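Q: Sending over upload33.pdb (PDB, C-alpha atoms).
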```pdb
MODEL        1
ATOM      1  CA  MET A  29      42.395 210.681 -26.653
ATOM      2  CA  ILE A  30      44.879 213.452 -27.383
ATOM      3  CA  ARG A  31      48.066 211.988 -28.832
ATOM      4  CA  LYS A  32      51.333 213.770 -28.183
ATOM      5  CA  THR A  33      54.478 214.464 -30.165
ATOM      6  CA  ALA A  34      57.705 213.800 -28.265
ATOM      7  CA  ILE A  35      61.301 214.846 -28.874
ATOM      8  CA  VAL A  36      64.137 212.732 -27.480
ATOM      9  CA  ILE A  37      67.814 213.642 -27.270
ATOM     10  CA  GLY A  38      70.133 210.929 -26.036
ATOM     11  CA  ALA A  39      68.105 208.327 -27.928
ATOM     12  CA  THR A  40      71.119 206.028 -28.395
ATOM     13  CA  GLY A  41      71.902 205.812 -24.672
ATOM     14  CA  LEU A  42      70.656 203.334 -22.106
ATOM     15  CA  VAL A  43      67.595 205.288 -20.968
ATOM     16  CA  GLY A  44      67.042 206.918 -24.361
ATOM     17  CA  LYS A  45      66.781 203.631 -26.270
ATOM     18  CA  ALA A  46      64.318 202.206 -23.766
ATOM     19  CA  LEU A  47      62.359 205.454 -23.833
ATOM     20  CA  VAL A  48      62.034 205.545 -27.632
ATOM     21  CA  ASN A  49      60.816 201.933 -27.621
ATOM     22  CA  GLU A  50      58.211 202.665 -24.953
ATOM     23  CA  LEU A  51      57.064 205.847 -26.684
ATOM     24  CA  ALA A  52      56.755 204.037 -30.012
ATOM     25  CA  ASN A  53      54.572 201.385 -28.377
ATOM     26  CA  SER A  54      52.374 203.866 -26.541
ATOM     27  CA  ASP A  55      48.982 204.858 -27.932
ATOM     28  CA  HIS A  56      49.381 208.243 -26.232
ATOM     29  CA  PHE A  57      52.090 209.348 -28.677
ATOM     30  CA  SER A  58      51.625 209.843 -32.403
ATOM     31  CA  GLN A  59      55.190 210.846 -33.270
ATOM     32  CA  VAL A  60      58.619 210.444 -31.690
ATOM     33  CA  ILE A  61      61.372 212.733 -32.992
ATOM     34  CA  THR A  62      64.918 211.639 -32.239
ATOM     35  CA  LEU A  63      67.762 214.119 -32.626
ATOM     36  CA  THR A  64      71.073 212.293 -32.842
ATOM     37  CA  ARG A  65      74.694 212.816 -33.850
ATOM     38  CA  LYS A  66      74.659 209.713 -36.062
ATOM     39  CA  LYS A  67      71.853 208.077 -38.017
ATOM     40  CA  TYR A  68      69.455 206.211 -35.754
ATOM     41  CA  ASN A  69      67.093 203.606 -37.186
ATOM     42  CA  HIS A  70      63.971 202.312 -35.487
ATOM     43  CA  ASN A  71      61.428 199.765 -36.668
ATOM     44  CA  SER A  72      58.435 201.985 -35.877
ATOM     45  CA  ASP A  73      57.043 204.425 -38.437
ATOM     46  CA  LYS A  74      56.249 206.758 -35.555
ATOM     47  CA  VAL A  75      59.954 207.379 -34.941
ATOM     48  CA  ILE A  76      61.482 210.117 -37.101
ATOM     49  CA  ASN A  77      65.225 210.657 -36.899
ATOM     50  CA  HIS A  78      67.170 213.829 -37.648
ATOM     51  CA  VAL A  79      70.974 213.829 -37.633
ATOM     52  CA  ILE A  80      72.256 217.084 -36.168
ATOM     53  CA  GLN A  81      75.487 218.720 -35.017
ATOM     54  CA  PHE A  82      75.162 219.515 -31.334
ATOM     55  CA  ASP A  83      77.857 222.187 -31.573
ATOM     56  CA  ASP A  84      75.502 224.107 -33.887
ATOM     57  CA  LEU A  85      72.136 223.439 -32.278
ATOM     58  CA  ALA A  86      70.707 226.820 -33.264
ATOM     59  CA  LEU A  87      70.777 225.693 -36.916
ATOM     60  CA  TYR A  88      68.133 223.082 -36.066
ATOM     61  CA  ALA A  89      65.775 225.304 -34.075
ATOM     62  CA  ASN A  90      62.837 224.358 -36.318
ATOM     63  CA  LEU A  91      63.116 220.713 -35.213
ATOM     64  CA  PHE A  92      62.384 221.485 -31.572
ATOM     65  CA  LYS A  93      58.605 221.512 -31.949
ATOM     66  CA  ALA A  94      56.617 219.058 -29.862
ATOM     67  CA  ASP A  95      54.401 218.644 -26.828
ATOM     68  CA  CYS A  96      57.116 217.188 -24.630
ATOM     69  CA  PHE A  97      60.902 217.111 -24.644
ATOM     70  CA  PHE A  98      62.830 214.192 -23.123
ATOM     71  CA  SER A  99      66.476 214.990 -22.367
ATOM     72  CA  CYS A 100      68.432 211.771 -21.822
ATOM     73  CA  LEU A 101      71.764 213.012 -23.156
ATOM     74  CA  GLY A 102      74.911 212.131 -21.253
ATOM     75  CA  THR A 103      78.412 210.752 -21.499
ATOM     76  CA  THR A 104      81.320 209.741 -19.316
ATOM     77  CA  LYS A 105      84.622 211.482 -18.763
ATOM     78  CA  LYS A 106      86.376 208.501 -20.379
ATOM     79  CA  GLN A 107      84.187 208.638 -23.494
ATOM     80  CA  ALA A 108      84.449 212.424 -23.777
ATOM     81  CA  GLY A 109      88.204 212.529 -23.187
ATOM     82  CA  SER A 110      88.144 215.209 -20.493
ATOM     83  CA  ILE A 111      85.891 216.732 -17.870
ATOM     84  CA  ASN A 112      85.487 219.836 -20.062
ATOM     85  CA  ASN A 113      84.268 217.741 -22.998
ATOM     86  CA  GLN A 114      81.933 215.849 -20.698
ATOM     87  CA  ARG A 115      80.538 219.139 -19.419
ATOM     88  CA  LYS A 116      79.870 220.210 -23.013
ATOM     89  CA  VAL A 117      77.560 217.201 -23.456
ATOM     90  CA  ASP A 118      76.068 216.938 -19.979
ATOM     91  CA  PHE A 119      75.508 220.663 -19.424
ATOM     92  CA  THR A 120      75.977 222.919 -22.460
ATOM     93  CA  TYR A 121      74.211 220.841 -25.112
ATOM     94  CA  GLN A 122      71.297 220.025 -22.838
ATOM     95  CA  LEU A 123      70.780 223.612 -21.721
ATOM     96  CA  LYS A 124      70.896 224.930 -25.303
ATOM     97  CA  ALA A 125      68.429 222.264 -26.408
ATOM     98  CA  ALA A 126      66.072 223.176 -23.569
ATOM     99  CA  GLN A 127      66.250 226.840 -24.566
ATOM    100  CA  LEU A 128      65.331 225.942 -28.143
ATOM    101  CA  ALA A 129      62.409 223.897 -26.858
ATOM    102  CA  ILE A 130      61.185 226.921 -24.903
ATOM    103  CA  ALA A 131      61.482 229.104 -28.001
ATOM    104  CA  ASN A 132      59.194 226.628 -29.788
ATOM    105  CA  ASP A 133      56.605 226.589 -26.977
ATOM    106  CA  VAL A 134      57.268 223.017 -25.835
ATOM    107  CA  SER A 135      55.096 222.549 -22.768
ATOM    108  CA  HIS A 136      56.689 219.707 -20.780
ATOM    109  CA  TYR A 137      60.421 219.154 -20.195
ATOM    110  CA  LEU A 138      61.684 215.877 -18.719
ATOM    111  CA  LEU A 139      65.332 215.521 -17.668
ATOM    112  CA  VAL A 140      67.393 212.506 -16.659
ATOM    113  CA  SER A 141      69.751 213.870 -14.015
ATOM    114  CA  SER A 142      71.523 211.945 -11.272
ATOM    115  CA  SER A 143      71.120 210.992  -7.650
ATOM    116  CA  GLY A 144      73.240 213.391  -5.612
ATOM    117  CA  ALA A 145      73.124 216.192  -8.187
ATOM    118  CA  ASN A 146      74.203 219.378  -6.429
ATOM    119  CA  GLU A 147      75.628 222.597  -7.858
ATOM    120  CA  ASN A 148      77.874 222.881  -4.777
ATOM    121  CA  SER A 149      79.222 219.329  -4.923
ATOM    122  CA  THR A 150      82.968 218.673  -4.897
ATOM    123  CA  SER A 151      82.347 216.008  -7.561
ATOM    124  CA  GLN A 152      82.637 217.597 -11.004
ATOM    125  CA  TYR A 153      80.016 215.214 -12.360
ATOM    126  CA  LEU A 154      77.432 215.869  -9.644
ATOM    127  CA  LYS A 155      78.222 219.572  -9.765
ATOM    128  CA  MET A 156      77.455 219.862 -13.495
ATOM    129  CA  LYS A 157      74.265 217.848 -13.013
ATOM    130  CA  GLY A 158      73.218 220.160 -10.191
ATOM    131  CA  GLU A 159      74.048 223.256 -12.230
ATOM    132  CA  LEU A 160      71.947 221.981 -15.122
ATOM    133  CA  GLU A 161      68.992 221.306 -12.827
ATOM    134  CA  LEU A 162      69.278 224.854 -11.471
ATOM    135  CA  LYS A 163      69.274 226.384 -14.963
ATOM    136  CA  ILE A 164      66.377 224.224 -16.140
ATOM    137  CA  LYS A 165      64.240 225.248 -13.156
ATOM    138  CA  GLN A 166      64.609 228.861 -14.259
ATOM    139  CA  LEU A 167      63.194 228.206 -17.732
ATOM    140  CA  PRO A 168      59.475 228.961 -18.285
ATOM    141  CA  PHE A 169      58.238 225.489 -19.196
ATOM    142  CA  ASN A 170      54.662 224.802 -18.103
ATOM    143  CA  THR A 171      55.817 221.536 -16.560
ATOM    144  CA  ILE A 172      59.288 220.316 -15.558
ATOM    145  CA  SER A 173      60.109 216.774 -14.431
ATOM    146  CA  ILE A 174      63.588 215.921 -13.137
ATOM    147  CA  PHE A 175      64.576 212.303 -12.520
ATOM    148  CA  GLN A 176      67.480 211.420 -10.227
ATOM    149  CA  PRO A 177      68.313 207.735 -10.703
ATOM    150  CA  SER A 178      71.336 206.040  -9.163
ATOM    151  CA  LEU A 179      73.590 203.688 -11.123
ATOM    152  CA  LEU A 180      71.860 202.779 -14.396
ATOM    153  CA  ILE A 181      72.008 199.157 -15.519
ATOM    154  CA  GLY A 182      71.038 197.452 -18.757
ATOM    155  CA  SER A 183      72.427 196.479 -22.140
ATOM    156  CA  ARG A 184      74.784 199.086 -23.625
ATOM    157  CA  ASP A 185      76.569 199.259 -26.964
ATOM    158  CA  GLU A 186      79.887 199.591 -25.170
ATOM    159  CA  PHE A 187      81.094 197.439 -22.269
ATOM    160  CA  ARG A 188      81.814 199.345 -19.073
ATOM    161  CA  PHE A 189      83.808 197.064 -16.789
ATOM    162  CA  ALA A 190      83.788 199.387 -13.770
ATOM    163  CA  GLU A 191      80.049 199.923 -14.102
ATOM    164  CA  LYS A 192      79.447 196.171 -14.293
ATOM    165  CA  ILE A 193      81.419 195.578 -11.111
ATOM    166  CA  ALA A 194      79.720 198.487  -9.382
ATOM    167  CA  SER A 195      76.236 197.254 -10.270
ATOM    168  CA  TRP A 196      77.033 193.785  -8.929
ATOM    169  CA  PHE A 197      78.592 195.143  -5.744
ATOM    170  CA  LEU A 198      75.866 197.710  -5.099
ATOM    171  CA  GLY A 199      73.187 195.132  -5.770
ATOM    172  CA  LEU A 200      74.523 193.104  -2.860
ATOM    173  CA  LEU A 201      75.375 196.035  -0.610
ATOM    174  CA  CYS A 202      72.002 197.701  -1.058
ATOM    175  CA  LYS A 203      70.228 194.752   0.484
ATOM    176  CA  LEU A 204      71.104 196.558   3.710
ATOM    177  CA  PRO A 205      68.057 198.712   4.570
ATOM    178  CA  PHE A 206      69.973 201.978   5.112
ATOM    179  CA  LEU A 207      71.674 201.678   1.695
ATOM    180  CA  ASN A 208      68.549 200.760  -0.236
ATOM    181  CA  ARG A 209      68.187 204.271  -1.678
ATOM    182  CA  TYR A 210      71.430 203.758  -3.652
ATOM    183  CA  ARG A 211      70.324 200.559  -5.396
ATOM    184  CA  PRO A 212      70.858 200.298  -9.189
ATOM    185  CA  ILE A 213      67.949 200.841 -11.553
ATOM    186  CA  SER A 214      67.409 199.744 -15.145
ATOM    187  CA  GLY A 215      67.147 202.161 -18.037
ATOM    188  CA  LYS A 216      63.743 200.697 -18.905
ATOM    189  CA  GLN A 217      62.374 201.403 -15.433
ATOM    190  CA  VAL A 218      63.427 205.042 -15.730
ATOM    191  CA  ALA A 219      61.911 205.273 -19.221
ATOM    192  CA  ILE A 220      58.540 203.874 -18.113
ATOM    193  CA  LYS A 221      58.403 206.289 -15.178
ATOM    194  CA  MET A 222      59.209 209.216 -17.502
ATOM    195  CA  ILE A 223      56.295 208.364 -19.793
ATOM    196  CA  GLN A 224      53.895 207.902 -16.888
ATOM    197  CA  THR A 225      54.994 211.282 -15.565
ATOM    198  CA  CYS A 226      54.577 212.930 -18.956
ATOM    199  CA  LEU A 227      50.961 211.781 -19.005
ATOM    200  CA  THR A 228      50.005 212.488 -15.392
ATOM    201  CA  GLN A 229      52.109 215.206 -13.732
ATOM    202  CA  THR A 230      50.090 218.318 -12.867
ATOM    203  CA  GLU A 231      52.629 220.193 -10.727
ATOM    204  CA  ALA A 232      54.795 222.822 -12.431
ATOM    205  CA  LEU A 233      58.008 221.252 -11.062
ATOM    206  CA  THR A 234      58.603 217.827  -9.586
ATOM    207  CA  ILE A 235      61.909 216.121  -8.782
ATOM    208  CA  TYR A 236      61.738 212.337  -8.639
ATOM    209  CA  ASN A 237      64.373 210.669  -6.487
ATOM    210  CA  LEU A 238      65.297 207.022  -6.828
ATOM    211  CA  ASP A 239      62.495 205.619  -4.683
ATOM    212  CA  GLU A 240      59.943 207.592  -6.674
ATOM    213  CA  ILE A 241      61.288 206.332  -9.999
ATOM    214  CA  PHE A 242      60.948 202.639  -9.157
ATOM    215  CA  ILE A 243      57.518 201.462 -10.277
TER
ENDMDL
END
```
Kindly transcribe the structure held in the file into structure tokens.
A:
Amino acid sequence: MIRKTAIVIGATGLVGKALVNELANSDHFSQVITLTRKKYNHNSDKVINHVIQFDDLALYANLFKADCFFSCLGTTKKQAGSINNQRKVDFTYQLKAAQLAIANDVSHYLLVSSSGANENSTSQYLKMKGELELKIKQLPFNTISIFQPSLLIGSRDEFRFAEKIASWFLGLLCKLPFLNRYRPISGKQVAIKMIQTCLTQTEALTIYNLDEIFI
């Protein structure tokens, strides 16, 4: 069995944490490299952490060497302080990281995007997600996987009141058949699907909508 090396950015987020745990427990991966803004500890010897400055990603080009690159980075407008700061994280950092991965011959790129991502959207959030997807599709990775989950639920370091209410409300509302495609999904479910995809996808580009992410 060929064992892979994986890079994860966004390892401290909801999907990222679940992903690192699943990768560490998988026999298909020999090493998991996490690139984070602050020190990140994990109980597995397979997980190697590097603290980096995302504003100066080019300084860390030598770290972007692996078989597959998982991009789970993301923030909220409230956390970032403004839509421009959010765009820096959700678009600029991720695109620069992907370009560094290409320069290091990473074969498979896997991106956590969002349901409704569209470069022509009137929503600034969905617009930046759509613009990132468009840019990523133009990069010469051998394989690209884009995941479009809806509202993500699970245990976070910070409490998001609005998100908690939304997950409860949507959970009830989405029992209606025509709204089922908007139902919330856990970070762990997304993470498991990403790993399965990393091991099995043969198409050059595949976009997984919500129904295709649920396992």
Q: In Å, rounded to a single decimal, give me how far atom CA of Asp239 of chain A is from atom CA of Thr104 of chain A.
A: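 These two atoms are separated by 24.2 Å.
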Q: Given the file shown, determine the residues that the PyMOL selection byres ((chain A and resi 167) around 9) selects; report them as a list in words.
A: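 With the shown file as input, the PyMOL selection byres ((chain A and resi 167) around 9) matches Ala126, Gln127, Ile130, Lys163, Ile164, Lys165, Gln166, Pro168 and Phe169 of chain A.
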Q: Could those residues be written to a file, using C-alpha atoms, as a PDB file, in the coordinates of the input?
A:
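Final file, result.pdb:
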```
ATOM      1  CA  ALA A 126      66.072 223.176 -23.569  1.00  0.00           C
ATOM      2  CA  GLN A 127      66.250 226.840 -24.566  1.00  0.00           C
ATOM      3  CA  ILE A 130      61.185 226.921 -24.903  1.00  0.00           C
ATOM      4  CA  LYS A 163      69.274 226.384 -14.963  1.00  0.00           C
ATOM      5  CA  ILE A 164      66.377 224.224 -16.140  1.00  0.00           C
ATOM      6  CA  LYS A 165      64.240 225.248 -13.156  1.00  0.00           C
ATOM      7  CA  GLN A 166      64.609 228.861 -14.259  1.00  0.00           C
ATOM      8  CA  PRO A 168      59.475 228.961 -18.285  1.00  0.00           C
ATOM      9  CA  PHE A 169      58.238 225.489 -19.196  1.00  0.00           C
TER      10      PHE A 169
END
```
Q: So that I can check the surroundings of Ser141 of chain A, please list as a PDB file with C-alpha atoms, in the coordinates of the input every protein, DNA and RNA residue that reaches within 7 Å of it, counting only C-alpha atoms and ignoring chain neighbours fewer than 2 positions away.
A:
```
ATOM      1  CA  LEU A 139      65.332 215.521 -17.668  1.00  0.00           C
ATOM      2  CA  LYS A 157      74.265 217.848 -13.013  1.00  0.00           C
ATOM      3  CA  ILE A 174      63.588 215.921 -13.137  1.00  0.00           C
ATOM      4  CA  PHE A 175      64.576 212.303 -12.520  1.00  0.00           C
ATOM      5  CA  GLN A 176      67.480 211.420 -10.227  1.00  0.00           C
TER       6      GLN A 176
END
```
Q: On this file, the PyMOL selection byres ((chain A and resi 74) around 6) gives some set of residues; write that set as a ChimeraX atom specification.
A: /A:59-60,72-73,75
Q: Could the residues in this selection be saved with C-alpha atoms as a PDB file, in the frame of the given file?
A:
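After the write, again-v6.pdb holds the following:
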```pdb
ATOM      1  CA  GLN A  59      55.190 210.846 -33.270  1.00  0.00           C
ATOM      2  CA  VAL A  60      58.619 210.444 -31.690  1.00  0.00           C
ATOM      3  CA  SER A  72      58.435 201.985 -35.877  1.00  0.00           C
ATOM      4  CA  ASP A  73      57.043 204.425 -38.437  1.00  0.00           C
ATOM      5  CA  VAL A  75      59.954 207.379 -34.941  1.00  0.00           C
TER       6      VAL A  75
END
```
Q: Under the PyMOL selection byres ((chain A and resi 121) around 12), which residues of this model are included? Write them out as a PDB file with C-alpha atoms, in the coordinates of the input.
A:
```pdb
ATOM      1  CA  ILE A  37      67.814 213.642 -27.270  1.00  0.00           C
ATOM      2  CA  GLY A  38      70.133 210.929 -26.036  1.00  0.00           C
ATOM      3  CA  LEU A  63      67.762 214.119 -32.626  1.00  0.00           C
ATOM      4  CA  THR A  64      71.073 212.293 -32.842  1.00  0.00           C
ATOM      5  CA  ARG A  65      74.694 212.816 -33.850  1.00  0.00           C
ATOM      6  CA  ILE A  80      72.256 217.084 -36.168  1.00  0.00           C
ATOM      7  CA  GLN A  81      75.487 218.720 -35.017  1.00  0.00           C
ATOM      8  CA  PHE A  82      75.162 219.515 -31.334  1.00  0.00           C
ATOM      9  CA  ASP A  83      77.857 222.187 -31.573  1.00  0.00           C
ATOM     10  CA  ASP A  84      75.502 224.107 -33.887  1.00  0.00           C
ATOM     11  CA  LEU A  85      72.136 223.439 -32.278  1.00  0.00           C
ATOM     12  CA  ALA A  86      70.707 226.820 -33.264  1.00  0.00           C
ATOM     13  CA  SER A  99      66.476 214.990 -22.367  1.00  0.00           C
ATOM     14  CA  CYS A 100      68.432 211.771 -21.822  1.00  0.00           C
ATOM     15  CA  LEU A 101      71.764 213.012 -23.156  1.00  0.00           C
ATOM     16  CA  GLY A 102      74.911 212.131 -21.253  1.00  0.00           C
ATOM     17  CA  THR A 103      78.412 210.752 -21.499  1.00  0.00           C
ATOM     18  CA  ASN A 113      84.268 217.741 -22.998  1.00  0.00           C
ATOM     19  CA  GLN A 114      81.933 215.849 -20.698  1.00  0.00           C
ATOM     20  CA  ARG A 115      80.538 219.139 -19.419  1.00  0.00           C
ATOM     21  CA  LYS A 116      79.870 220.210 -23.013  1.00  0.00           C
ATOM     22  CA  VAL A 117      77.560 217.201 -23.456  1.00  0.00           C
ATOM     23  CA  ASP A 118      76.068 216.938 -19.979  1.00  0.00           C
ATOM     24  CA  PHE A 119      75.508 220.663 -19.424  1.00  0.00           C
ATOM     25  CA  THR A 120      75.977 222.919 -22.460  1.00  0.00           C
ATOM     26  CA  GLN A 122      71.297 220.025 -22.838  1.00  0.00           C
ATOM     27  CA  LEU A 123      70.780 223.612 -21.721  1.00  0.00           C
ATOM     28  CA  LYS A 124      70.896 224.930 -25.303  1.00  0.00           C
ATOM     29  CA  ALA A 125      68.429 222.264 -26.408  1.00  0.00           C
ATOM     30  CA  ALA A 126      66.072 223.176 -23.569  1.00  0.00           C
ATOM     31  CA  GLN A 127      66.250 226.840 -24.566  1.00  0.00           C
ATOM     32  CA  LEU A 128      65.331 225.942 -28.143  1.00  0.00           C
ATOM     33  CA  LEU A 160      71.947 221.981 -15.122  1.00  0.00           C
TER      34      LEU A 160
END
```
Q: Pick the closest to Leu162 of chain A from A:Lys32, A:Met222, A:Lys106, A:Ile235: which is it, counting all atoms listed in the file?
A: A:Ile235
Q: What lies within 7 Å of Asn170 of chain A using all atoms listed in the file, ignoring chain neighbours under 3 positions off, as a PyMOL selection string?
A: chain A and resi 135-136+232
Q: Please write as a list in words the list of polymer residues whose atoms come within 6 Å of (67.1, 199.6, -15.0), counting only C-alpha atoms and keeping to the coordinates of the file.
A: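 The residues that fall inside the cut-off are Leu180, Ile181, Gly182, Ile213, Ser214, Gly215, Lys216 and Gln217 of chain A.
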Q: Between atom CA of Met156 of chain A and atom CA of Lys105 of chain A, what is the distance, to one decimal in Å?
A: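 Result for atom CA of Met156 of chain A versus atom CA of Lys105 of chain A: 12.2 Å, one decimal.
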Q: Find the distance between atom CA of Asn77 of chain A and atom CA of Thr40 of chain A and write it in Å to one decimal.
A: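 Answer for the atom CA of Asn77 of chain A to atom CA of Thr40 of chain A separation: 11.3 Å.
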